[in-house]
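A.B. asks: Please see the structure below; I have some questions.
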Amino acid sequence: MARDFSAVLDRLPDDRSPAPGTRRIGPWQVRLDAADGALVSRPELDLHVLVKGCLYGATPDDLLDAYLHGGRDFPRNIEGHYAALILDGPAGRVLAVADRVGSQAMYAAHTPQHVLVSTRPDWAPFRERPLSLEGVSAYLTKGSLLGGLTLRQGVGVLRRACVHDLAGSHVCTHEYWPLTFTGPQAGASMADLQAEFAHLIRGAMTRRIQASGGRAYLSLSGGYDSRGLLSVLTSLGADVRTFSYALDARAPGSDAQVAHRLAAQYGTRHTVLGAYHGSVLGNVRRNVAWGGGGAPLCDEADAWADFAALNPSDVFVGDHAFDINSHPLSLHADQLLRQKVPPSFGILAWLRPTLPPTTYAAMQGAWEQTLARVLAQAGAGPDRNLTGYPLEIALMLDVNVGHSLLPWRDRFAGHTAHVHLPYLDGALLDFTRRLPLEVLARKAMFRRVLHTLDPHLMRVPLARSLGYVPDWTAELIAQRAEIWGHVQATSSPLDDVIPPDVIHALLLELAPTPRSVQLRGAARQTLGRLRRTPLGLRVFGPAPIRKTVDAATFLRRVLTVRAVVADGAGSVVQDAEGTRARPAGLTWAVGD
């Protein structure tokens with residue numbers, strides 16, 4: 001598993017010696033908290049590095065060499081999914097390095113006198129800070145944090161593809177991998193590009209196979225991306241097991257059922273894990289203990305608890321940046337919806353009669369500020385003014401990949417194993433910037449390349465349903481007495497924003513979903529699948545993008561945030577089996 005690290009930097013007067021167990025780095029007294037063996041040092045140079053995650057074809061020492069000799073863009077030639085903290089004694093610098101996609105989030109709080117940095121969103125010094133209304137509004141509206149927000153005031157997520165210099169009075173950020181699109185080289189044919197794409201995919205997987213341990217697993221769904229991983233991994237001779245999660249592994253056409261057939265086709269050992277064990281509060285506790293408020297709500301959190309019992313060393317997952325809309329989107333609202341971001345707070349307008357008017361207005365204003373920040377960070381501001389496909393890819397990396405998928409991978413799959421993301425390999429990302437972007441629409445080139453690599457890829461049809469998401473409305477109705485009893489027996493700073501009586505009212509108002517509504521939803525899903533096919537696009541045009549938040553989803557988010565920000569949450573938490581555990585780690589004195 002990827003090991004977390006934390007650092008406390010306190011400004012130290014020139015005439016004062018650092019305290020025992022710390023070290024002076026420039027103006028700072030530095031104390032590190034990291035797992036045993038995580039710190040790599042060159043004592044003769046007073047140079048040190050902490051790395052969380054995986055480097056491919058490189059070591060932490062190579063990262064230090066790149067820092068010493070590679071110039072301002074030194075991380076650019078380091079391949080990996082990682083976060084790093086470099087401490088340079090002679091230069092008096094403390095640098096936080098985020099990889100190109102921010103796969104291992106780093107959280108930081110900075111004042112002129114103190115800096116806190118950690119890869120844990122629920123680190124104890126962060127929990128001492130008051131709630132961030134923007135962060136709470138984002139989590140309850142979107143279901144995840146975006147725009148660099150966290151649930152705590154003054155704590156932010158350090159931006160991807162950047163080197164962050166912490167050694168001054170404020171954080172200085174240098175972007176070493178700007179997202180610019182050059183288009184293909186003159187004379188490059190589509191056949192040449194597809195051949196290069198296939199070569200890069202195999203190379204990305206080869207690097208990760210070589211770095212994986214003895215019990216590597218592939219998260220296998222019934223979709224396109226993970227079966228592509230399965231096909232290429234097995235063709236390269238990888239000894240990989242597969243797993244999926246389900247409510248009923250026998251449900252026809254579900255992810256788990258299709259994954260089982262795919263595993264048989266490619267000859268892998270397959271495991272189906274129960275997605276949900278029947279307790280809403282148990283599912284919330286796992287989301288709190290593992291997600292820590294930094295990851296979206298995980299429907300199948302119970303399955304990840306069972307997955308840990310398999311003692312995995314590595315997990316391969318199929319997240320990528322190869323899927324853009326069938327046509328360029330001109331409106332910011334459509335761009336946001338494409339990344340599953342509600343473009344207005346109106347998505348929660350049904351809450352207006354329930355919340356105090358001042359609270360509703362404050363949350364609405366906070367969400368509008370967040371949307372403006374997200375668009376500006378992605379390049380839709382006056383400085384860059386990205387539009388169309390370039391803006392869509394920037395938002396995809398910043399929002400959907402960086403603040404939704406990857407935190408979920410890090411906090412859940414990464415809880416027990418190293419996570420490998422072959423499709424987010426640096427060489428593949430560089431290649432994407434050289435493509436005519438329209439060939440990425442609906443994964444067109446990606447699919448052609450995978451079919452070229454394996455003509456039998458679609459022998460098993462795509463899954464028709466996820467098959468692992470419970471009917472949360474029904475679960476909340478069945479367990480609302482227990483849930484309300486828990487709310488009454490506990491307190492949280494969130495109660496000042498969402499009072500317990502609001503939770504009670506929403507619980508009482510829940511009603512079973514009528515059969516007619518279920519049938520209409522199933523019909524819309526079927527029509528949506530048809531409209532996304534080439535024929536459907538020609539006949540019906542693009543499918544409308546919808547985004548809704550129902551009362552059950554909102555309540556689960558509230559219960560999770562309420563527990564995350566409760567006093568003492570995370571210092572001692574309930575682990576997957578209900579025992580009490582504290583995050584492992586040793587205090588390291590730099591240079592000792």
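Order determines the names: the first chain of the structure tokens is A, the second B, and so forth; residues in each chain are numbered 1 upward, and ligands are numbered 1 upward as they are shown.
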Apply DSSP to the structure's backbone, then extract all residues of range 252-412 of chain A labelled helix (DSSP H, G or I) and return them as JSON, numbers by chain.

C.D. replies: {"A": [255, 256, 257, 258, 259, 260, 261, 262, 263, 264, 265, 266, 280, 281, 282, 283, 284, 285, 286, 287, 288, 289, 290, 291, 301, 302, 303, 304, 305, 306, 307, 308, 332, 333, 334, 335, 336, 337, 338, 345, 346, 347, 348, 349, 350, 351, 357, 358, 359, 360, 361, 362, 363, 364, 365, 366, 367, 368, 369, 370, 371, 372, 373, 374, 375, 376, 377, 378, 379, 380, 388, 389, 390, 391, 392, 393, 394, 395, 396, 397, 398, 399, 400, 401, 402, 403, 404, 405, 406, 407, 408, 409, 410, 411]}

A.B. asks: Mind checking which residues fall within 12 Å of range 369-372 of chain A, counting only C-alpha atoms, ignoring those fewer than 2 positions away in the same chain, and posting them as an NGL selection string?

C.D. replies: :A and (132-139 or 141-142 or 145-150 or 332-333 or 335-337 or 341-345 or 362-367 or 374-382 or 395 or 399)

A.B. asks: Residues near Leu262 in chain A, anyone? I mean within 10 Å using only C-alpha atoms, not counting same-chain ones fewer than 5 positions away, as a VMD selection string.

C.D. replies: chain A and resid 220 to 222 227 230 to 231 242 256 to 257 267 to 268 270 457 to 461

A.B. asks: When you count only C-alpha atoms, which of these residues is closest to Gly214 in chain A: A:Thr271, A:Cys162, A:His418, A:Ala308?

C.D. replies: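 Of all the options, A:His418 lies closest to Gly214 in chain A.
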
A.B. asks: Given only C-alpha atoms as the basis, pick out the residue of A:Leu435, A:Leu421, A:Leu233, A:Ala551 nearest to Leu351 in chain A.

C.D. replies: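 Closest residue, counting only C-alpha atoms: A:Ala551.
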
A.B. asks: Taking the backbone alone, and naming residues the way the document does, which bits of range 125-300 of chain A are strand (DSSP E or B) by DSSP, as a ChimeraX atom specification?

C.D. replies: /A:131,152,155-157,162-165,172-175,216-219,240-246,254,270-274

A.B. asks: Restricting the calculation to only C-alpha atoms: of A:Glu128, A:Asp73, A:Asp495, A:Asp314, which residue gets closest to Leu559 in chain A?

C.D. replies: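 The closest residue to Leu559 in chain A is A:Asp495.
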
A.B. asks: A:Ala161, A:Val315, A:Cys298, A:Met190: which is nearest Ile78 in chain A, counting only C-alpha atoms?

C.D. replies: A:Ala161

A.B. asks: Can you work out the spacing between CA of Gly291 in chain A and CA of Arg411 in chain A in Å, to one decimal?

C.D. replies: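 Computed distance, CA of Gly291 in chain A to CA of Arg411 in chain A, equals 5.3 Å.
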
A.B. asks: Could you check how far CA of Val564 in chain A sits from CA of Ala481 in chain A, in Å to one decimal?

C.D. replies: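 CA of Ala481 in chain A lies at a distance of 21.4 Å from CA of Val564 in chain A.
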